[in-house]
Structure formats: C-alpha cells, structure tokens
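Student: What follows is work.cif; its format and atoms are mmCIF, C-alpha atoms.
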```
data_run
#
loop_
_atom_site.label_atom_id
_atom_site.label_comp_id
_atom_site.auth_asym_id
_atom_site.auth_seq_id
_atom_site.Cartn_x
_atom_site.Cartn_y
_atom_site.Cartn_z
CA MET A 9 135.30 -169.00 -65.53
CA ALA A 10 136.92 -166.52 -68.01
CA ILE A 11 134.00 -166.64 -70.43
CA LEU A 12 131.71 -165.46 -67.62
CA ASP A 13 133.90 -162.45 -66.82
CA PRO A 14 133.09 -158.88 -67.94
CA PRO A 15 133.83 -158.43 -71.67
CA LYS A 16 137.00 -157.15 -73.25
CA LYS A 17 136.90 -154.04 -75.43
CA ARG A 18 137.03 -156.01 -78.68
CA GLU A 19 134.11 -158.17 -77.54
CA VAL A 20 132.04 -155.08 -76.76
CA ALA A 21 132.92 -153.61 -80.16
CA LEU A 22 131.86 -156.80 -81.97
CA TYR A 23 128.66 -157.03 -79.93
CA ARG A 24 127.71 -153.44 -80.76
CA PHE A 25 128.45 -153.98 -84.46
CA VAL A 26 126.27 -157.09 -84.65
CA ARG A 27 123.55 -155.37 -82.62
CA LEU A 28 123.57 -152.51 -85.13
CA LEU A 29 123.06 -155.00 -87.96
CA ILE A 30 120.18 -156.62 -86.06
CA PHE A 31 118.56 -153.23 -85.47
CA ALA A 32 118.85 -152.30 -89.15
CA ALA A 33 117.34 -155.63 -90.23
CA ALA A 34 114.56 -155.35 -87.65
CA LYS A 35 113.69 -151.85 -88.86
CA VAL A 36 113.50 -152.91 -92.49
CA VAL A 37 111.97 -156.40 -92.20
CA GLY A 38 110.13 -156.21 -88.89
CA ARG A 39 109.26 -152.52 -88.56
CA ILE A 40 110.44 -152.94 -84.98
CA GLU A 41 108.80 -150.98 -82.17
CA ILE A 42 110.07 -150.98 -78.59
CA VAL A 43 107.79 -149.91 -75.74
CA GLY A 44 108.82 -149.43 -72.10
CA ARG A 45 112.56 -149.11 -72.57
CA GLU A 46 112.63 -146.78 -69.56
CA HIS A 47 112.16 -149.84 -67.34
CA VAL A 48 115.58 -151.26 -68.32
CA PRO A 49 118.31 -150.43 -65.75
CA LYS A 50 121.10 -148.32 -67.22
CA ASN A 51 123.92 -149.36 -64.89
CA GLU A 52 122.96 -152.17 -62.53
CA ALA A 53 122.80 -155.85 -63.38
CA PHE A 54 119.36 -157.24 -64.16
CA ILE A 55 117.60 -160.33 -65.46
CA LEU A 56 115.62 -159.88 -68.67
CA ALA A 57 112.77 -162.42 -68.78
CA PRO A 58 111.09 -162.50 -72.23
CA VAL A 59 108.37 -164.69 -73.68
CA HIS A 60 109.82 -167.09 -76.28
CA ARG A 61 108.04 -167.86 -79.56
CA SER A 62 110.71 -167.75 -82.29
CA ASN A 63 114.38 -168.37 -82.98
CA ILE A 64 114.79 -164.66 -83.73
CA ASP A 65 113.89 -163.74 -80.13
CA PHE A 66 117.55 -164.13 -79.13
CA ALA A 67 118.51 -161.39 -81.58
CA LEU A 68 115.53 -159.15 -80.84
CA VAL A 69 116.13 -158.91 -77.09
CA SER A 70 119.54 -157.33 -77.71
CA LEU A 71 117.73 -154.20 -78.94
CA VAL A 72 116.33 -153.20 -75.54
CA THR A 73 119.69 -151.86 -74.30
CA THR A 74 123.07 -150.90 -75.73
CA ARG A 75 124.74 -152.88 -72.94
CA ARG A 76 126.12 -156.32 -73.80
CA MET A 77 123.85 -158.99 -72.36
CA ARG A 78 124.64 -162.62 -71.65
CA TYR A 79 122.71 -165.65 -72.89
CA MET A 80 122.70 -169.36 -72.11
CA GLY A 81 123.53 -171.42 -75.19
CA LYS A 82 123.21 -175.17 -75.80
CA ASP A 83 126.66 -176.73 -75.74
CA SER A 84 126.05 -178.11 -79.25
CA ILE A 85 126.45 -174.65 -80.81
CA PHE A 86 129.99 -174.50 -79.43
CA LYS A 87 131.21 -177.64 -81.23
CA TYR A 88 132.95 -175.58 -83.93
CA LYS A 89 135.81 -174.17 -81.88
CA TRP A 90 136.80 -171.60 -84.48
CA LEU A 91 133.38 -169.94 -84.01
CA ASN A 92 133.49 -169.95 -80.22
CA PRO A 93 135.26 -166.58 -79.84
CA PHE A 94 132.45 -165.06 -81.92
CA PHE A 95 129.73 -166.63 -79.76
CA PHE A 96 131.50 -165.59 -76.57
CA ALA A 97 131.88 -162.02 -77.83
CA LEU A 98 128.14 -161.90 -78.50
CA GLY A 99 127.43 -162.86 -74.90
CA ALA A 100 126.66 -166.57 -75.17
CA PHE A 101 128.00 -169.08 -72.67
CA PRO A 102 127.58 -172.87 -72.86
CA VAL A 103 125.16 -174.89 -70.78
CA HIS A 104 125.62 -178.62 -71.09
CA ARG A 105 122.42 -180.45 -71.97
CA GLY A 106 121.66 -183.05 -69.35
CA ALA A 107 123.82 -181.38 -66.74
CA ALA A 108 122.32 -180.37 -63.44
CA ASP A 109 120.38 -177.12 -63.42
CA ARG A 110 122.70 -176.08 -60.61
CA GLU A 111 125.53 -175.57 -63.13
CA ALA A 112 123.48 -173.14 -65.23
CA LEU A 113 122.19 -171.31 -62.17
CA HIS A 114 125.72 -170.97 -60.77
CA SER A 115 126.92 -169.47 -64.07
CA SER A 116 123.95 -167.10 -64.08
CA LYS A 117 124.72 -166.01 -60.53
CA THR A 118 128.38 -165.38 -61.42
CA ILE A 119 127.38 -163.21 -64.39
CA ILE A 120 124.95 -161.10 -62.37
CA GLU A 121 127.43 -160.64 -59.54
CA SER A 122 130.00 -159.29 -62.03
CA GLY A 123 127.51 -156.56 -63.00
CA GLN A 124 126.42 -157.95 -66.37
CA PRO A 125 122.78 -158.14 -67.58
CA LEU A 126 121.48 -161.66 -68.18
CA VAL A 127 118.73 -162.95 -70.47
CA MET A 128 116.73 -165.90 -69.10
CA PHE A 129 113.77 -167.25 -71.09
CA PRO A 130 111.59 -168.45 -68.19
CA GLU A 131 109.48 -170.76 -70.37
CA GLY A 132 112.68 -172.71 -70.91
CA THR A 133 112.38 -173.48 -74.59
CA ARG A 134 110.57 -172.00 -77.58
CA GLN A 135 106.80 -172.34 -77.25
CA SER A 136 103.83 -171.57 -79.49
CA GLY A 137 100.52 -169.78 -79.14
CA PRO A 138 99.13 -166.80 -77.23
CA GLU A 139 99.27 -168.28 -73.73
CA VAL A 140 102.42 -168.05 -71.62
CA CYS A 141 103.40 -171.56 -70.51
CA GLU A 142 104.38 -172.59 -66.99
CA LEU A 143 107.60 -170.86 -66.01
CA PHE A 144 110.73 -172.28 -64.48
CA ASP A 145 111.80 -170.76 -61.16
CA GLY A 146 115.31 -169.97 -62.46
CA PRO A 147 114.93 -166.19 -62.86
CA ALA A 148 113.29 -165.79 -59.44
CA TYR A 149 115.94 -168.00 -57.81
CA VAL A 150 118.87 -166.11 -59.38
CA ALA A 151 117.21 -162.81 -58.45
CA ALA A 152 116.89 -163.95 -54.84
CA LYS A 153 120.52 -165.04 -54.66
CA THR A 154 121.92 -161.88 -56.29
CA GLY A 155 119.45 -159.13 -55.44
CA ALA A 156 119.03 -158.33 -59.14
CA PRO A 157 115.64 -157.14 -60.42
CA ILE A 158 113.72 -159.04 -63.11
CA ILE A 159 112.48 -157.12 -66.16
CA PRO A 160 109.53 -158.94 -67.79
CA MET A 161 109.08 -158.66 -71.54
CA GLY A 162 106.52 -159.51 -74.21
CA ILE A 163 107.44 -160.02 -77.86
CA GLY A 164 104.67 -159.64 -80.42
CA GLY A 165 104.92 -160.78 -84.03
CA SER A 166 108.10 -162.86 -83.86
CA GLU A 167 106.26 -166.18 -84.20
CA ARG A 168 104.52 -164.91 -87.31
CA ALA A 169 107.83 -163.61 -88.69
CA MET A 170 109.63 -166.92 -88.14
CA PRO A 171 107.50 -169.79 -86.80
CA LYS A 172 108.83 -173.24 -85.94
CA GLY A 173 110.17 -175.00 -89.03
CA ALA A 174 110.70 -171.79 -91.01
CA LYS A 175 114.14 -171.25 -92.55
CA PHE A 176 113.74 -167.59 -93.38
CA VAL A 177 112.28 -164.51 -91.71
CA ARG A 178 109.17 -163.12 -93.41
CA PRO A 179 108.37 -159.37 -93.27
CA SER A 180 106.12 -158.76 -90.27
CA LYS A 181 105.73 -156.01 -87.69
CA ILE A 182 107.43 -156.88 -84.40
CA VAL A 183 106.83 -155.15 -81.08
CA LEU A 184 108.80 -155.51 -77.87
CA VAL A 185 107.04 -154.42 -74.68
CA LEU A 186 108.95 -154.16 -71.40
CA GLY A 187 107.26 -153.93 -68.02
CA PRO A 188 108.20 -152.49 -64.62
CA ARG A 189 110.88 -154.29 -62.66
CA ILE A 190 110.00 -157.12 -60.32
CA GLU A 191 112.04 -156.95 -57.13
CA PRO A 192 113.81 -160.14 -56.04
CA PRO A 193 112.16 -162.37 -53.44
CA PRO A 194 113.59 -161.83 -49.96
CA LEU A 195 116.07 -164.24 -48.45
CA THR A 196 115.33 -166.07 -45.23
CA PRO A 197 116.96 -164.84 -41.98
CA THR A 198 119.69 -167.45 -42.50
CA GLY A 199 120.46 -166.22 -46.02
CA GLY A 200 118.64 -169.02 -47.81
CA THR A 201 115.89 -168.91 -50.39
CA SER A 202 112.27 -169.52 -49.49
CA ARG A 203 110.58 -171.82 -51.98
CA ARG A 204 107.31 -170.07 -51.30
CA ALA A 205 108.78 -166.62 -51.98
CA VAL A 206 110.47 -167.84 -55.17
CA LYS A 207 107.20 -169.42 -56.34
CA GLU A 208 105.26 -166.22 -55.61
CA THR A 209 107.76 -164.20 -57.65
CA THR A 210 107.52 -166.70 -60.51
CA ASP A 211 103.71 -166.44 -60.41
CA GLN A 212 103.96 -162.65 -60.55
CA LEU A 213 106.42 -162.90 -63.44
CA LYS A 214 104.07 -165.13 -65.41
CA ALA A 215 101.15 -162.76 -64.93
CA ASP A 216 103.26 -159.76 -65.97
CA ILE A 217 104.70 -161.50 -69.03
CA GLN A 218 101.21 -162.55 -70.16
CA LYS A 219 99.97 -158.98 -69.90
CA LEU A 220 102.98 -157.65 -71.82
CA PHE A 221 102.72 -160.44 -74.40
CA ASP A 222 99.04 -159.62 -74.99
CA ASP A 223 99.93 -155.94 -75.41
CA ALA A 224 102.81 -156.72 -77.77
CA GLN A 225 100.64 -159.03 -79.88
CA SER A 226 97.90 -156.41 -80.09
CA ARG A 227 100.36 -153.71 -81.18
CA ALA A 228 101.92 -156.04 -83.74
CA GLY A 229 98.48 -156.65 -85.30
#
```
Taking this structure as input, can you express it in the form of structure tokens?
Tutor:
Amino acid sequence: MAILDPPKKREVALYRFVRLLIFAAAKVVGRIEIVGREHVPKNEAFILAPVHRSNIDFALVSLVTTRRMRYMGKDSIFKYKWLNPFFFALGAFPVHRGAADREALHSSKTIIESGQPLVMFPEGTRQSGPEVCELFDGPAYVAAKTGAPIIPMGIGGSERAMPKGAKFVRPSKIVLVLGPRIEPPPLTPTGGTSRRAVKETTDQLKADIQKLFDDAQSRAG
C-alpha cells in the first residue's frame, strides 16, 4: 500500500513543479479563471468531484489547491515501469480495469483516511455535452465511510479546448467553479452505509455539479 501513503518530500516537490507548469500553460492558452476556491478545505481531507468533458480536466483540477491530490489511473498507463515513479509522484494510483469496484473504493478510503485529498470524477469516464450524466455512488460512499466532505466542481471550456479525438489543446477560455461542501451521508446505527442516504447525497451532488457546470460554461463564453 506504499503508493497510497502520504507523499515523500521529493514527490511533493515534483508535484508542485508540474502544477506550476500547468498553471502557466493554463494562463497563457486557457486564460484560466477559478471561482469559489474558498470552498476547498485547507487542511482536512476531501473528495473533489468535478464534471468531466476533456482529457485536460485531470491537469486543470490540480489548480484548485496547492496540496497534492490523488487520482485513480487506468492500469494501462503504468505499463512503462520507468515512468511509474513520475506518475506516483503526481498523485496517480492504478486501478485495474475489470477489477471489482471494491478495490478502487478501498484504495480511495485508504487515501482519505491518511489525510490526502482525492479526485473522483463521478460521471466515471469522459462525457460530452452540457448535461451532467448519471453519477456513480462512489464519492458519496467514500464520504460516508470516511467522514470526508465532497467539493463539487464545474469546468467550463475544457471540451472546446480539447474535445474527444483532438491531439492538441486549442486556445480557449477555461473557468473552474467550485461549490460549497456537501457533508457525507450519515452512517447507520451499526456503522454501515444506508443505500438511501448514499443515493440522496449522489442526487444532491448531481444537482450541484450541474449548476456549477452551467455557471462555468456561461463564464467561459
């Protein structure tokens, strides 16, 4: 479980360096604007739940906080072992395609419990269009099990900057809009998770993300 542990100093240094490069590129190419950063916890662990419309979303979400966040990555990106230390330093951890969701959720729970922020794209995979798709219950479930808040997020302009099939990023204004925290669903008296409570939290998350996505899209033009 070492790759899920809090980062070493050199990993934090590399993460901050790459994040600085992303910020510089986003300023020049995307004229990046970030709204609602005050909603991001400064010290406690949290789950960032963004809308997902472009491959550049993974880079963009790193700009909402200077803290190193963790991301699920398809196991295929870890096939070149000499690159793995770089991916690990940037916060990625492998999730094996076809494996039970329980494995990914257990890793997510371990990360949150160690005090690290975690990015979970609740739509699952990259989508298209202005409507938020049905969400997976993963963020709400992990929140319930760990007590971590969920921070919903809309990303406007990223699909226009790099739509599906595009190989390069085109200049386009990008806006990130963060919303107020969503508290985790309560556990049952026996310490379990209520499916109804998890579903209600997921429904609230979807509504919040849609509102933030609409705002971000409007600001991006």
Student: Pick out the closest residue to Gly81 in chain A from this set: A:Arg18, A:Glu167, A:Phe96, A:Glu191. Count all atoms listed in the file.
Tutor: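 Smallest separation from Gly81 in chain A among the options: A:Phe96.
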Student: Starting from the PyMOL selection byres ((chain A and resi 225) around 8), expand the selection into actual residues of this file and give them as a list in words.
Tutor: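 Taken on the displayed file, the PyMOL selection byres ((chain A and resi 225) around 8) yields the residues Ile163, Gly164, Gly165, Val183, Phe221, Asp222, Asp223, Ala224, Ser226, Arg227, Ala228 and Gly229 of chain A.
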Student: Exactly which residues make up the result of the PyMOL selection byres ((chain A and resi 99) around 7) on this file, given as a list in words?
Tutor: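 That expression, the PyMOL selection byres ((chain A and resi 99) around 7), corresponds here to Arg76, Met77, Arg78, Tyr79, Phe95, Phe96, Ala97, Leu98, Ala100 and Phe101 of chain A.
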Student: Could you check how far CA of Pro160 in chain A sits from CA of Glu208 in chain A, in Å to one decimal?
Tutor: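 Value for the CA of Pro160 in chain A-CA of Glu208 in chain A distance: 14.8 Å.
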Student: Using all atoms listed in the file, which of A:Ile190, A:Val37, A:Ile42, A:Thr196 sits nearest Lys214 in chain A?
Tutor: A:Ile190
Student: My structure is short of atoms at range 27-47 of chain A; please model N, CA and C atoms there, returning them as a compact mmCIF listing (two decimals), in the frame of the given file.
Tutor:
```txt
# COMPACT_ATOMS: atom_id res chain seq x y z
N ARG A 27 124.82 -155.93 -83.08
CA ARG A 27 123.55 -155.37 -82.62
C ARG A 27 123.05 -154.31 -83.60
N LEU A 28 123.95 -153.51 -84.15
CA LEU A 28 123.57 -152.51 -85.13
C LEU A 28 122.99 -153.16 -86.38
N LEU A 29 123.59 -154.27 -86.81
CA LEU A 29 123.06 -155.00 -87.96
C LEU A 29 121.67 -155.56 -87.67
N ILE A 30 121.48 -156.08 -86.45
CA ILE A 30 120.18 -156.62 -86.06
C ILE A 30 119.13 -155.51 -86.06
N PHE A 31 119.50 -154.35 -85.52
CA PHE A 31 118.56 -153.23 -85.47
C PHE A 31 118.16 -152.79 -86.88
N ALA A 32 119.14 -152.71 -87.78
CA ALA A 32 118.85 -152.30 -89.15
C ALA A 32 117.91 -153.30 -89.82
N ALA A 33 118.19 -154.59 -89.63
CA ALA A 33 117.34 -155.63 -90.23
C ALA A 33 115.95 -155.60 -89.63
N ALA A 34 115.86 -155.38 -88.31
CA ALA A 34 114.56 -155.35 -87.65
C ALA A 34 113.74 -154.15 -88.09
N LYS A 35 114.38 -153.05 -88.38
CA LYS A 35 113.69 -151.85 -88.86
C LYS A 35 113.11 -152.08 -90.25
N VAL A 36 113.90 -152.72 -91.10
CA VAL A 36 113.50 -152.91 -92.49
C VAL A 36 112.49 -154.05 -92.63
N VAL A 37 112.81 -155.20 -92.03
CA VAL A 37 111.97 -156.40 -92.20
C VAL A 37 110.85 -156.45 -91.18
N GLY A 38 111.11 -156.05 -89.95
CA GLY A 38 110.13 -156.21 -88.89
C GLY A 38 109.44 -154.95 -88.44
N ARG A 39 109.85 -153.79 -89.00
CA ARG A 39 109.26 -152.52 -88.56
C ARG A 39 109.20 -152.48 -87.03
N ILE A 40 110.34 -152.74 -86.42
CA ILE A 40 110.44 -152.94 -84.98
C ILE A 40 109.95 -151.73 -84.19
N GLU A 41 109.24 -152.02 -83.11
CA GLU A 41 108.80 -150.98 -82.17
C GLU A 41 109.11 -151.47 -80.77
N ILE A 42 109.70 -150.61 -79.96
CA ILE A 42 110.07 -150.98 -78.59
C ILE A 42 109.35 -150.05 -77.62
N VAL A 43 108.59 -150.65 -76.70
CA VAL A 43 107.79 -149.91 -75.74
C VAL A 43 108.27 -150.23 -74.32
N GLY A 44 108.45 -149.20 -73.50
CA GLY A 44 108.82 -149.43 -72.10
C GLY A 44 110.30 -149.54 -71.85
N ARG A 45 111.10 -149.00 -72.74
CA ARG A 45 112.56 -149.11 -72.57
C ARG A 45 113.03 -148.41 -71.30
N GLU A 46 112.24 -147.49 -70.78
CA GLU A 46 112.63 -146.78 -69.56
C GLU A 46 112.71 -147.71 -68.35
N HIS A 47 112.13 -148.90 -68.45
CA HIS A 47 112.16 -149.84 -67.34
C HIS A 47 113.49 -150.61 -67.25
```
